[in-house]
file structure-v7.txt (compact mmCIF, C-alpha atoms)
# COMPACT_ATOMS: atom_id res chain seq x y z
CA MET A 1 10.79 -18.66 -20.96
CA ARG A 2 8.68 -15.99 -22.69
CA LYS A 3 7.91 -14.39 -19.31
CA THR A 4 11.61 -14.29 -18.46
CA VAL A 5 12.53 -12.59 -21.73
CA THR A 6 9.69 -10.12 -21.30
CA ALA A 7 10.86 -9.31 -17.76
CA LEU A 8 14.43 -8.76 -18.97
CA LEU A 9 13.28 -6.45 -21.76
CA ALA A 10 11.13 -4.48 -19.31
CA ALA A 11 14.07 -4.23 -16.94
CA ALA A 12 16.34 -2.99 -19.71
CA LEU A 13 13.79 -0.36 -20.71
CA LEU A 14 13.45 0.79 -17.12
CA LEU A 15 17.22 1.06 -16.80
CA GLY A 16 17.30 3.13 -19.94
CA MET A 17 14.73 5.46 -18.44
CA LEU A 18 16.77 5.73 -15.23
CA ALA A 19 19.87 6.48 -17.26
CA GLY A 20 17.98 9.18 -19.11
CA CYS A 21 17.00 10.81 -15.84
CA SER A 22 20.66 11.62 -15.19
CA GLY A 23 21.05 13.48 -18.43
CA SER A 24 23.27 12.69 -21.40
CA SER A 25 26.48 11.06 -20.34
CA ALA A 26 28.27 12.81 -23.17
CA SER A 27 27.39 16.16 -21.64
CA GLY A 28 29.51 15.40 -18.62
CA GLU A 29 26.59 15.34 -16.22
CA ALA A 30 26.44 12.80 -13.37
CA VAL A 31 25.76 9.20 -14.35
CA THR A 32 23.21 7.29 -12.30
CA VAL A 33 24.60 4.19 -10.56
CA GLU A 34 22.78 1.55 -8.54
CA GLN A 35 24.11 -0.83 -5.90
CA VAL A 36 24.83 -4.35 -7.13
CA SER A 37 22.95 -5.86 -4.17
CA ALA A 38 19.78 -4.01 -5.18
CA ILE A 39 20.13 -5.29 -8.73
CA VAL A 40 20.80 -8.96 -8.04
CA ASN A 41 18.55 -9.17 -4.95
CA GLY A 42 15.39 -8.04 -6.73
CA GLY A 43 15.82 -4.28 -6.64
CA SER A 44 14.14 -1.94 -9.09
CA VAL A 45 15.33 -3.83 -12.15
CA GLY A 46 17.17 -6.92 -10.98
CA LEU A 47 16.53 -10.59 -10.44
CA ALA A 48 16.58 -12.32 -7.06
CA ASP A 49 19.59 -14.60 -6.59
CA ARG A 50 21.47 -13.89 -3.37
CA TYR A 51 20.52 -12.42 -0.01
CA ALA A 52 22.50 -10.94 2.83
CA GLY A 53 22.18 -12.90 6.07
CA VAL A 54 23.44 -13.16 9.61
CA VAL A 55 23.99 -16.05 11.98
CA ALA A 56 21.36 -15.63 14.70
CA ALA A 57 20.38 -17.50 17.81
CA GLY A 58 17.36 -19.77 17.89
CA GLU A 59 13.86 -18.74 18.86
CA THR A 60 13.18 -16.21 21.59
CA ALA A 61 10.42 -16.76 24.15
CA GLN A 62 8.77 -13.87 25.95
CA VAL A 63 7.44 -15.25 29.24
CA LYS A 64 4.56 -13.16 30.51
CA ARG A 65 3.46 -12.21 33.99
CA ASP A 66 0.00 -11.32 35.23
CA GLN A 67 0.01 -7.73 36.48
CA ASP A 68 -2.97 -8.47 38.71
CA LYS A 69 -0.84 -10.88 40.76
CA THR A 70 2.03 -10.26 43.12
CA ILE A 71 5.29 -12.04 42.37
CA LEU A 72 6.62 -13.75 45.47
CA GLU A 73 10.08 -14.55 44.13
CA THR A 74 12.02 -14.65 40.85
CA TYR A 75 14.52 -17.49 40.66
CA VAL A 76 16.59 -16.43 37.63
CA GLU A 77 18.74 -13.47 36.70
CA GLU A 78 19.89 -11.99 33.42
CA GLY A 79 22.59 -14.19 31.92
CA ASP A 80 21.45 -17.44 33.55
CA LEU A 81 21.23 -20.58 31.43
CA VAL A 82 17.97 -22.47 31.88
CA LYS A 83 16.50 -25.72 30.63
CA ALA A 84 12.94 -26.16 29.44
CA GLY A 85 10.84 -26.71 32.54
CA ASP A 86 13.10 -24.82 34.97
CA LEU A 87 11.27 -22.68 37.54
CA LEU A 88 11.44 -18.99 36.61
CA PHE A 89 9.26 -17.24 39.16
CA ALA A 90 6.33 -17.79 41.53
CA TYR A 91 3.32 -15.72 42.49
CA ASP A 92 2.27 -14.91 46.04
CA THR A 93 -0.17 -17.75 46.76
CA GLU A 94 -1.27 -16.33 50.12
CA ALA A 95 -3.00 -13.39 48.45
CA MET A 96 -4.38 -15.69 45.76
CA GLN A 97 -5.77 -18.09 48.38
CA LEU A 98 -7.50 -15.20 50.16
CA ASP A 99 -9.15 -14.16 46.89
CA LEU A 100 -10.31 -17.74 46.32
CA ASP A 101 -11.72 -18.01 49.87
CA LYS A 102 -13.65 -14.76 49.35
CA ALA A 103 -15.09 -16.12 46.10
CA TYR A 104 -16.32 -19.26 47.87
CA LEU A 105 -17.94 -17.12 50.61
CA GLU A 106 -19.74 -15.05 47.97
CA LYS A 107 -21.07 -18.22 46.37
CA GLU A 108 -22.22 -19.53 49.76
CA LYS A 109 -24.08 -16.27 50.47
CA LEU A 110 -25.88 -16.57 47.12
CA GLU A 111 -26.84 -20.16 47.87
CA ASN A 112 -28.22 -19.07 51.28
CA THR A 113 -30.19 -16.33 49.54
CA ILE A 114 -31.80 -18.93 47.28
CA ALA A 115 -32.61 -21.24 50.20
CA ALA A 116 -34.19 -18.38 52.16
CA ALA A 117 -36.27 -17.31 49.17
CA GLN A 118 -37.49 -20.86 48.59
CA ASP A 119 -38.56 -21.12 52.26
CA SER A 120 -40.39 -17.80 51.94
CA ILE A 121 -42.20 -19.02 48.83
CA ALA A 122 -43.36 -22.14 50.64
CA GLU A 123 -44.80 -20.06 53.50
CA LEU A 124 -46.41 -17.55 51.13
CA GLU A 125 -48.09 -20.35 49.18
CA LYS A 126 -49.56 -21.77 52.41
CA GLU A 127 -50.93 -18.36 53.42
CA ARG A 128 -52.28 -17.75 49.91
CA ASN A 129 -54.21 -21.02 50.04
CA LYS A 130 -55.91 -19.84 53.25
CA ALA A 131 -56.53 -16.28 52.08
CA ASN A 132 -59.77 -15.04 50.52
CA ASP A 133 -59.89 -14.18 46.83
CA SER A 134 -59.21 -10.48 47.35
CA ASP A 135 -55.88 -11.21 49.14
CA LYS A 136 -54.61 -13.98 46.83
CA LEU A 137 -53.20 -11.48 44.30
CA ARG A 138 -51.03 -9.85 46.99
CA TYR A 139 -49.48 -13.23 47.90
CA THR A 140 -48.97 -14.09 44.23
CA LEU A 141 -47.01 -10.87 43.63
CA GLN A 142 -44.79 -11.60 46.65
CA ILE A 143 -44.11 -15.14 45.36
CA ASP A 144 -43.21 -13.78 41.90
CA SER A 145 -40.78 -11.34 43.51
CA LYS A 146 -39.06 -14.18 45.40
CA ASN A 147 -38.79 -16.22 42.19
CA VAL A 148 -37.07 -13.27 40.47
CA GLU A 149 -34.70 -13.06 43.46
CA ILE A 150 -33.90 -16.77 43.07
CA ARG A 151 -33.21 -16.50 39.32
CA GLU A 152 -30.92 -13.50 39.86
CA ALA A 153 -28.99 -15.37 42.57
CA GLN A 154 -28.68 -18.45 40.35
CA TYR A 155 -27.21 -16.30 37.55
CA ASN A 156 -24.75 -14.71 39.96
CA ILE A 157 -23.72 -18.17 41.18
CA THR A 158 -22.88 -19.13 37.59
CA LEU A 159 -20.63 -16.06 37.32
CA GLN A 160 -19.11 -16.80 40.70
CA GLU A 161 -18.31 -20.39 39.71
CA ARG A 162 -16.44 -19.13 36.64
CA ASP A 163 -14.48 -16.74 38.82
CA ILE A 164 -13.68 -19.56 41.23
CA ALA A 165 -12.46 -21.78 38.39
CA THR A 166 -10.16 -18.99 37.17
CA LYS A 167 -8.77 -18.39 40.66
CA GLU A 168 -8.24 -22.13 41.22
CA ALA A 169 -6.37 -22.40 37.92
CA ALA A 170 -4.25 -19.40 38.85
CA LEU A 171 -3.42 -20.96 42.20
CA GLU A 172 -2.47 -24.25 40.55
CA ASN A 173 -0.22 -22.34 38.10
CA ALA A 174 1.37 -20.11 40.70
CA GLU A 175 4.79 -21.30 39.54
CA VAL A 176 5.89 -20.35 36.00
CA TYR A 177 8.45 -22.48 34.16
CA ALA A 178 10.78 -21.91 31.20
CA PRO A 179 9.07 -22.89 27.91
CA ILE A 180 12.40 -23.39 26.10
CA ALA A 181 16.06 -23.96 26.93
CA GLY A 182 18.34 -20.97 26.53
CA ARG A 183 19.87 -17.94 28.16
CA VAL A 184 17.88 -15.41 30.19
CA MET A 185 18.40 -12.24 28.19
CA SER A 186 16.38 -9.93 30.43
CA VAL A 187 14.18 -9.78 33.52
CA ASP A 188 11.99 -6.72 33.12
CA GLU A 189 10.68 -5.59 36.48
CA THR A 190 8.64 -2.85 34.80
CA GLY A 191 6.53 -5.38 32.91
CA GLY A 192 8.13 -4.95 29.50
CA ASN A 193 6.53 -4.82 26.09
CA SER A 194 3.94 -7.43 25.14
CA SER A 195 3.90 -6.73 21.36
CA TYR A 196 5.88 -9.78 20.28
CA ASP A 197 4.78 -12.61 22.56
CA VAL A 198 5.87 -16.10 21.60
CA TYR A 199 4.39 -17.99 24.50
CA GLY A 200 1.17 -17.17 26.29
CA ASP A 201 0.64 -16.56 29.96
CA GLN A 202 1.02 -19.72 32.04
CA GLY A 203 -0.79 -18.34 35.04
CA GLY A 204 -4.35 -18.71 33.83
CA ALA A 205 -4.90 -15.02 33.12
CA SER A 206 -6.36 -13.86 29.86
CA SER A 207 -3.66 -11.26 29.35
CA GLY A 208 -0.26 -10.27 30.66
CA VAL A 209 2.96 -8.44 29.89
CA ASP A 210 6.41 -9.70 29.03
CA TYR A 211 8.54 -10.31 32.09
CA ILE A 212 11.41 -12.67 31.21
CA THR A 213 13.06 -13.06 27.79
CA ILE A 214 14.80 -16.34 27.00
CA THR A 215 16.81 -16.90 23.81
CA ASP A 216 17.89 -20.32 22.61
CA VAL A 217 21.66 -19.82 22.23
CA THR A 218 22.32 -23.53 21.87
CA ARG A 219 20.97 -23.63 18.32
CA LEU A 220 22.17 -21.33 15.55
CA ARG A 221 20.10 -20.44 12.53
CA ILE A 222 20.41 -17.99 9.65
CA GLN A 223 18.28 -14.90 9.35
CA GLY A 224 17.78 -12.97 6.15
CA VAL A 225 15.36 -10.36 4.85
CA ILE A 226 13.10 -10.53 1.82
CA SER A 227 11.08 -7.67 0.36
CA GLU A 228 7.68 -7.64 -1.28
CA MET A 229 9.46 -7.01 -4.56
CA ASN A 230 11.06 -10.46 -4.61
CA ALA A 231 8.80 -12.35 -2.20
CA SER A 232 7.91 -14.97 -4.82
CA ALA A 233 11.57 -16.04 -5.11
CA LEU A 234 11.52 -17.89 -1.78
CA ALA A 235 9.15 -20.35 -0.16
CA GLU A 236 9.13 -22.22 3.12
CA GLY A 237 10.65 -25.66 2.76
CA MET A 238 13.19 -24.63 0.11
CA ALA A 239 16.72 -26.01 0.34
CA MET A 240 19.19 -23.17 0.87
CA THR A 241 22.95 -22.72 0.61
CA ILE A 242 24.81 -20.48 3.05
CA ARG A 243 28.11 -19.06 1.81
CA SER A 244 30.89 -17.46 3.85
CA ARG A 245 31.72 -13.88 2.91
CA LEU A 246 35.41 -14.45 3.63
CA ASP A 247 35.84 -17.81 1.91
CA LYS A 248 33.55 -18.35 -1.08
CA GLU A 249 34.32 -22.05 -1.05
CA GLN A 250 33.03 -22.51 2.51
CA THR A 251 29.33 -23.32 2.51
CA TRP A 252 26.60 -24.73 4.72
CA THR A 253 23.19 -26.13 3.86
CA GLY A 254 19.80 -25.77 5.43
CA THR A 255 16.07 -25.42 4.92
CA LEU A 256 14.02 -22.24 4.86
CA SER A 257 11.76 -22.89 7.83
CA LEU A 258 9.85 -19.62 8.17
CA ILE A 259 9.05 -16.40 6.33
CA ASP A 260 7.61 -14.22 9.07
CA TRP A 261 4.91 -12.31 7.22
CA GLU A 262 3.38 -11.18 10.54
CA ASN A 263 6.38 -9.09 11.65
CA PRO A 264 7.86 -6.69 9.07
CA VAL A 265 11.30 -5.28 9.81
CA GLN A 266 12.80 -1.85 9.45
CA ASN A 267 16.34 -0.57 9.75
CA ASN A 268 17.30 1.56 12.73
CA ASN A 269 19.78 4.37 12.36
CA ASP A 270 22.35 2.06 13.90
CA GLY A 271 21.85 -0.48 11.11
CA SER A 272 20.19 -3.11 13.26
CA MET A 273 16.74 -4.48 12.60
CA VAL A 274 13.69 -4.31 14.83
CA MET A 275 10.23 -5.77 14.47
CA ILE A 276 7.47 -3.30 13.66
CA SER A 277 3.74 -3.75 13.86
CA THR A 278 1.73 -3.88 10.66
CA GLY A 279 -0.63 -1.11 9.75
CA SER A 280 -2.03 0.84 6.85
CA SER A 281 -1.90 4.50 6.02
CA SER A 282 -4.84 6.51 4.84
CA SER A 283 -2.61 8.66 2.64
CA ASP A 284 -0.53 7.66 -0.35
CA ASP A 285 2.03 10.00 -1.82
CA GLY A 286 2.98 7.57 -4.58
CA MET A 287 6.36 6.83 -2.98
CA THR A 288 5.42 3.80 -0.87
CA THR A 289 8.43 1.76 0.29
CA ALA A 290 8.26 -2.01 -0.15
CA SER A 291 7.78 -3.85 3.11
CA LYS A 292 10.47 -6.33 4.19
CA TYR A 293 10.09 -9.50 6.18
CA PRO A 294 12.56 -11.71 8.05
CA PHE A 295 13.07 -15.31 7.03
CA TYR A 296 14.89 -18.07 8.91
CA ILE A 297 16.94 -21.06 7.81
CA GLU A 298 17.40 -24.15 9.97
CA LEU A 299 20.93 -25.44 9.40
CA ASP A 300 21.98 -29.02 8.76
CA ASP A 301 25.35 -28.30 10.41
CA THR A 302 26.64 -25.23 12.29
CA GLU A 303 30.32 -26.12 12.53
CA GLY A 304 32.48 -23.10 11.69
CA LEU A 305 29.68 -20.56 12.19
CA MET A 306 29.66 -17.89 14.89
CA LEU A 307 26.79 -15.90 16.33
CA GLY A 308 26.57 -12.56 14.50
CA GLN A 309 28.63 -13.72 11.51
CA HIS A 310 27.57 -12.20 8.17
CA VAL A 311 26.93 -14.62 5.32
CA TYR A 312 25.34 -14.86 1.90
CA ILE A 313 22.13 -16.85 1.39
CA GLU A 314 21.33 -18.54 -1.91
CA PRO A 315 18.62 -20.95 -3.04
CA ASP A 316 20.15 -24.40 -3.41
CA LYS A 317 20.64 -25.14 -7.10
CA GLY A 318 20.42 -28.86 -6.47
CA GLU A 319 22.91 -31.67 -6.13
CA GLY A 320 25.52 -31.65 -8.89
CA ASP A 321 24.66 -28.09 -9.94
CA GLU A 322 27.12 -25.91 -8.10
CA ALA A 323 25.74 -22.54 -7.02
CA PRO A 324 27.63 -19.55 -8.42
CA ALA A 325 30.04 -17.95 -5.99
CA GLY A 326 29.67 -14.42 -7.36
CA PRO A 327 26.65 -12.20 -7.97
CA MET A 328 24.49 -13.12 -10.97
CA LEU A 329 24.35 -9.84 -12.86
CA PRO A 330 21.93 -9.17 -15.74
CA MET A 331 23.99 -9.54 -18.90
CA TYR A 332 22.99 -6.13 -20.28
CA TYR A 333 25.32 -4.56 -17.68
CA ILE A 334 28.37 -6.39 -19.06
CA GLN A 335 30.51 -4.70 -21.75
CA TYR A 336 33.47 -6.02 -23.72
CA GLU A 337 36.76 -4.53 -24.87
CA GLU A 338 38.10 -5.18 -28.35
CA ASP A 339 40.27 -7.98 -26.96
CA GLY A 340 37.18 -9.70 -25.56
CA SER A 341 37.80 -8.87 -21.89
CA ALA A 342 34.71 -7.98 -19.90
CA PHE A 343 34.05 -4.87 -17.84
CA VAL A 344 31.23 -2.93 -16.19
CA TRP A 345 30.83 0.78 -15.65
CA ALA A 346 31.27 1.29 -11.92
CA ALA A 347 31.55 4.10 -9.40
CA GLY A 348 35.20 4.13 -8.36
CA LYS A 349 37.38 6.36 -6.21
CA ASN A 350 35.72 9.66 -5.28
CA ASP A 351 32.52 8.40 -6.94
CA LYS A 352 34.01 8.83 -10.40
CA LEU A 353 32.97 6.55 -13.24
CA GLU A 354 35.46 3.87 -14.22
CA LYS A 355 35.73 0.76 -16.35
CA ARG A 356 35.85 -2.09 -13.84
CA ALA A 357 37.42 -5.26 -15.28
CA VAL A 358 35.47 -8.36 -14.25
CA THR A 359 35.97 -12.09 -14.58
CA LEU A 360 32.88 -13.91 -15.80
CA GLY A 361 31.69 -17.24 -14.48
CA VAL A 362 28.65 -19.39 -15.17
CA GLN A 363 25.98 -18.02 -17.46
CA ASP A 364 22.24 -18.54 -17.13
CA ASP A 365 20.76 -17.98 -20.58
CA MET A 366 17.19 -18.58 -19.42
CA MET A 367 17.41 -15.87 -16.76
CA GLY A 368 19.67 -13.65 -18.84
CA THR A 369 22.31 -13.38 -16.09
CA CYS A 370 25.99 -14.09 -15.75
CA GLU A 371 28.11 -14.74 -12.67
CA ILE A 372 30.71 -12.10 -11.83
CA ALA A 373 33.39 -14.38 -10.42
CA GLU A 374 35.86 -11.58 -9.65
CA GLY A 375 36.02 -7.81 -9.75
CA LEU A 376 32.64 -6.84 -8.30
CA GLU A 377 31.10 -6.94 -4.82
CA LEU A 378 27.50 -6.58 -3.73
CA THR A 379 28.33 -3.23 -2.14
CA ASP A 380 29.68 -1.71 -5.38
CA TYR A 381 27.65 0.67 -7.51
CA ILE A 382 27.39 0.22 -11.28
CA ALA A 383 25.72 2.08 -14.15
CA PHE A 384 23.53 0.91 -17.00
CA PRO A 385 25.72 1.24 -20.11
CA GLN A 386 25.03 4.37 -22.19
CA GLU A 387 26.52 5.69 -25.35
CA GLY A 388 29.14 8.35 -24.70
CA MET A 389 30.18 7.26 -21.19
CA THR A 390 33.72 8.24 -20.26
CA GLU A 391 35.89 7.42 -17.30
CA GLY A 392 36.12 10.17 -14.71
CA GLN A 393 32.50 11.31 -14.98
CA ALA A 394 30.71 12.08 -11.74
CA THR A 395 28.21 9.49 -10.52
CA GLU A 396 24.95 9.84 -8.65
CA LYS A 397 23.71 6.95 -6.50
CA TYR A 398 20.17 5.79 -7.12
CA ASP A 399 18.53 3.74 -4.36
CA PRO A 400 14.84 2.96 -4.94
CA THR A 401 14.78 0.78 -1.84
CA ALA A 402 16.63 3.07 0.52
CA GLU A 403 15.17 1.36 3.55
CA MET A 404 15.95 -2.17 2.42
CA GLU A 405 18.76 -4.06 4.08
CA ASP A 406 22.36 -3.06 3.48
CA PRO A 407 24.28 -6.32 2.90
CA GLU A 408 27.04 -5.05 5.18
CA ALA A 409 24.68 -3.84 7.89
CA VAL A 410 22.44 -6.81 8.51
CA ASP A 411 22.31 -7.64 12.18
CA ALA A 412 20.33 -9.97 14.37
CA PRO A 413 16.88 -8.59 15.23
CA ARG A 414 16.23 -7.38 18.70
CA VAL A 415 13.19 -9.59 18.87
CA VAL A 416 12.67 -12.76 16.87
CA GLY A 417 10.12 -15.40 16.97
call {"tool": "encode", "arguments": {"input": "structure-v7.txt", "output": "structure tokens"}}
result
Amino acid sequence: MRKTVTALLAAALLLGMLAGCSGSSASGEAVTVEQVSAIVNGGSVGLADRYAGVVAAGETAQVKRDQDKTILETYVEEGDLVKAGDLLFAYDTEAMQLDLDKAYLEKEKLENTIAAAQDSIAELEKERNKANDSDKLRYTLQIDSKNVEIREAQYNITLQERDIATKEAALENAEVYAPIAGRVMSVDETGGNSSYDVYGDQGGASSGVDYITITDVTRLRIQGVISEMNASALAEGMAMTIRSRLDKEQTWTGTLSLIDWENPVQNNNDGSMVMISTGSSSSDDGMTTASKYPFYIELDDTEGLMLGQHVYIEPDKGEGDEAPAGPMLPMYYIQYEEDGSAFVWAAGKNDKLEKRAVTLGVQDDMMGTCEIAEGLELTDYIAFPQEGMTEGQATEKYDPTAEMEDPEAVDAPRVVG
């Protein structure tokens, strides 16, 4: 409880500082406003409560091919539906068999080399036994040389046997099958991009490149994004509530199955999300942007959901404790008229400051938040209340997490796993 109060006080102080950055509101200068989604979803001063999400397909499998092998035939095309275990493509076994035969011949040659050297040693030992003392050293040196030849051949046989085992495994796995059921999203004849592999090469090779992409379209799940700033608010295994954006009474339930810490996301210019590789920078200009990570929710029921549909994601408050339908706004944003009606200072038409009447819902005294049942959306911008604010003042948008997800622009990632 003490930590919560301390956090709220710190947040209020920070908001006051931000408000001060815009100058005195009484002077007519622009008033700083921040998006509601950034506030309630763990932005610079807010508390995590609701997340933007999208209905996405199930897992995606990147099936790899071995570039050192020749593909004999591919049995699927883009758009095909496949079941787990269906044949996708096959390698040219004739070329692979020739390579295996050559490997066996090399091993046989090494074995013959050892046999010949052993015969030579036997003859040299007989001659050394007959030779006088002055010639014995010459025979001994020749025998030592043959022993070195044998040890070298034995080592090469060990390497050759490993190569044979690899080639035999490749020949046995000349046919590659679908690891999951789903739709073939792409067949990349150029080899593709192997950065986000889900399933390893089935052909026995130590490495490969993506060739066929399969997405499980038979199973829907919810994808959201969490930032480092509010990462502690969610944990795998949590019960979650999914709420329709169009009908606040329509909900679904599920379980947070994965927070993908290995694959951060970033927004493209088109608003969609793509996976990016992790890395560190040697320079720090003091303006580091918080990293964001995708998380996935396995649904108990998908009836009424459509692929690509935008939804809200909320931690499940528990049976008998109905989750609030509106955003849980820190109470220090809420102002009251003399008649007791509530309002917030919001950016209205033409980005001018206005008093926005709101209807209040449930209140969480421990967290210091109150539900805005009506009058405010996550995409609206509001200001921290300041003395001297007047309607019609210009507003200036403040976005400390400019590269975090826009609740209206969340889309399915191009690669998931």
call {"tool": "residues_around", "arguments": {"input": "structure-v7.txt", "residues": "Gly58 in chain A", "least_positions_apart": "5", "cutoff": "12 Å", "atoms": "only C-alpha atoms", "output": "ChimeraX atom specification"}}
result
/A:180-183,214-223,257,296-299,307,412-413,415-417
call {"tool": "write_last_selection", "arguments": {"input": "structure-v7.txt", "atoms": "C-alpha atoms", "output": "PDB file, keeping the file's coordinate frame"}}
result
ATOM      1  CA  ILE A 180      12.400 -23.390  26.100  1.00  0.00           C
ATOM      2  CA  ALA A 181      16.060 -23.960  26.930  1.00  0.00           C
ATOM      3  CA  GLY A 182      18.340 -20.970  26.530  1.00  0.00           C
ATOM      4  CA  ARG A 183      19.870 -17.940  28.160  1.00  0.00           C
ATOM      5  CA  ILE A 214      14.800 -16.340  27.000  1.00  0.00           C
ATOM      6  CA  THR A 215      16.810 -16.900  23.810  1.00  0.00           C
ATOM      7  CA  ASP A 216      17.890 -20.320  22.610  1.00  0.00           C
ATOM      8  CA  VAL A 217      21.660 -19.820  22.230  1.00  0.00           C
ATOM      9  CA  THR A 218      22.320 -23.530  21.870  1.00  0.00           C
ATOM     10  CA  ARG A 219      20.970 -23.630  18.320  1.00  0.00           C
ATOM     11  CA  LEU A 220      22.170 -21.330  15.550  1.00  0.00           C
ATOM     12  CA  ARG A 221      20.100 -20.440  12.530  1.00  0.00           C
ATOM     13  CA  ILE A 222      20.410 -17.990   9.650  1.00  0.00           C
ATOM     14  CA  GLN A 223      18.280 -14.900   9.350  1.00  0.00           C
ATOM     15  CA  SER A 257      11.760 -22.890   7.830  1.00  0.00           C
ATOM     16  CA  TYR A 296      14.890 -18.070   8.910  1.00  0.00           C
ATOM     17  CA  ILE A 297      16.940 -21.060   7.810  1.00  0.00           C
ATOM     18  CA  GLU A 298      17.400 -24.150   9.970  1.00  0.00           C
ATOM     19  CA  LEU A 299      20.930 -25.440   9.400  1.00  0.00           C
ATOM     20  CA  LEU A 307      26.790 -15.900  16.330  1.00  0.00           C
ATOM     21  CA  ALA A 412      20.330  -9.970  14.370  1.00  0.00           C
ATOM     22  CA  PRO A 413      16.880  -8.590  15.230  1.00  0.00           C
ATOM     23  CA  VAL A 415      13.190  -9.590  18.870  1.00  0.00           C
ATOM     24  CA  VAL A 416      12.670 -12.760  16.870  1.00  0.00           C
ATOM     25  CA  GLY A 417      10.120 -15.400  16.970  1.00  0.00           C
TER      26      GLY A 417
END
call {"tool": "residues_around", "arguments": {"input": "structure-v7.txt", "residues": "Glu189 in chain A", "least_positions_apart": "4", "cutoff": "10 Å", "atoms": "only C-alpha atoms", "output": "number ranges by chain"}}
result
A: 210-212
call {"tool": "write_last_selection", "arguments": {"input": "structure-v7.txt", "atoms": "C-alpha atoms", "output": "short mmCIF file (atom, residue, chain, number, x, y, z; two decimals), keeping the file's coordinate frame"}}
result
data_model
loop_
_atom_site.label_atom_id
_atom_site.label_comp_id
_atom_site.auth_asym_id
_atom_site.auth_seq_id
_atom_site.Cartn_x
_atom_site.Cartn_y
_atom_site.Cartn_z
CA ASP A 210 6.41 -9.70 29.03
CA TYR A 211 8.54 -10.31 32.09
CA ILE A 212 11.41 -12.67 31.21
#
call {"tool": "residues_around", "arguments": {"input": "structure-v7.txt", "residues": "range 329-346 of chain A", "least_positions_apart": "6", "cutoff": "6 Å", "atoms": "all atoms listed in the file", "output": "NGL selection string"}}
result
:A and (353-358 or 368-370 or 381-384)
call {"tool": "write_last_selection", "arguments": {"input": "structure-v7.txt", "atoms": "C-alpha atoms", "output": "PDB file, in the coordinates of the input"}}
result
ATOM      1  CA  LEU A 353      32.970   6.550 -13.240  1.00  0.00           C
ATOM      2  CA  GLU A 354      35.460   3.870 -14.220  1.00  0.00           C
ATOM      3  CA  LYS A 355      35.730   0.760 -16.350  1.00  0.00           C
ATOM      4  CA  ARG A 356      35.850  -2.090 -13.840  1.00  0.00           C
ATOM      5  CA  ALA A 357      37.420  -5.260 -15.280  1.00  0.00           C
ATOM      6  CA  VAL A 358      35.470  -8.360 -14.250  1.00  0.00           C
ATOM      7  CA  GLY A 368      19.670 -13.650 -18.840  1.00  0.00           C
ATOM      8  CA  THR A 369      22.310 -13.380 -16.090  1.00  0.00           C
ATOM      9  CA  CYS A 370      25.990 -14.090 -15.750  1.00  0.00           C
ATOM     10  CA  TYR A 381      27.650   0.670  -7.510  1.00  0.00           C
ATOM     11  CA  ILE A 382      27.390   0.220 -11.280  1.00  0.00           C
ATOM     12  CA  ALA A 383      25.720   2.080 -14.150  1.00  0.00           C
ATOM     13  CA  PHE A 384      23.530   0.910 -17.000  1.00  0.00           C
TER      14      PHE A 384
END
call {"tool": "residues_around", "arguments": {"input": "structure-v7.txt", "residues": "Gly237 in chain A", "least_positions_apart": "4", "cutoff": "9 Å", "atoms": "all atoms listed in the file", "output": "number ranges by chain"}}
result
A: 255-258
call {"tool": "residues_around", "arguments": {"input": "structure-v7.txt", "residues": "range 312-317 of chain A", "least_positions_apart": "6", "cutoff": "6 Å", "atoms": "all atoms listed in the file", "output": "ChimeraX atom specification"}}
result
/A:50-53,239-243,323
call {"tool": "atom_distance", "arguments": {"input": "structure-v7.txt", "atom1": "CA of Leu100 in chain A", "atom2": "CA of Glu168 in chain A"}}
result
7.0 Å
call {"tool": "atom_distance", "arguments": {"input": "structure-v7.txt", "atom1": "CA of Arg245 in chain A", "atom2": "CA of Ser37 in chain A"}}
result
13.8 Å
call {"tool": "closest_residue", "arguments": {"input": "structure-v7.txt", "among": "A:Gly224, A:Ala169, A:Thr379, A:Asn129", "to": "Ala56 in chain A", "atoms": "all atoms listed in the file"}}
result
A:Gly224
call {"tool": "axis_aligned_box", "arguments": {"input": "structure-v7.txt", "around": "range 341-346 of chain A", "padding_each_side": "6 Å", "output": "lines of an AutoDock Vina configuration file"}}
result
center_x = 34.3
center_y = -3.8
center_z = -16.9
size_x = 19.0
size_y = 22.2
size_z = 22.0
call {"tool": "atom_distance", "arguments": {"input": "structure-v7.txt", "atom1": "CA of Glu249 in chain A", "atom2": "CA of Glu377 in chain A"}}
result
15.9 Å
call {"tool": "build_atoms", "arguments": {"input": "structure-v7.txt", "residues": "range 216-220 of chain A", "atoms": "N, CA and C atoms", "output": "compact mmCIF listing (two decimals), in the frame of the given file"}}
result
# COMPACT_ATOMS: atom_id res chain seq x y z
N ASP A 216 17.22 -19.03 22.79
CA ASP A 216 17.89 -20.32 22.61
C ASP A 216 19.24 -20.08 21.94
N VAL A 217 20.32 -20.06 22.76
CA VAL A 217 21.66 -19.82 22.23
C VAL A 217 22.37 -21.13 21.90
N THR A 218 21.69 -22.23 22.15
CA THR A 218 22.32 -23.53 21.87
C THR A 218 22.15 -23.94 20.41
N ARG A 219 21.28 -23.26 19.71
CA ARG A 219 20.97 -23.63 18.32
C ARG A 219 21.08 -22.40 17.44
N LEU A 220 21.99 -22.44 16.47
CA LEU A 220 22.17 -21.33 15.55
C LEU A 220 21.27 -21.52 14.33
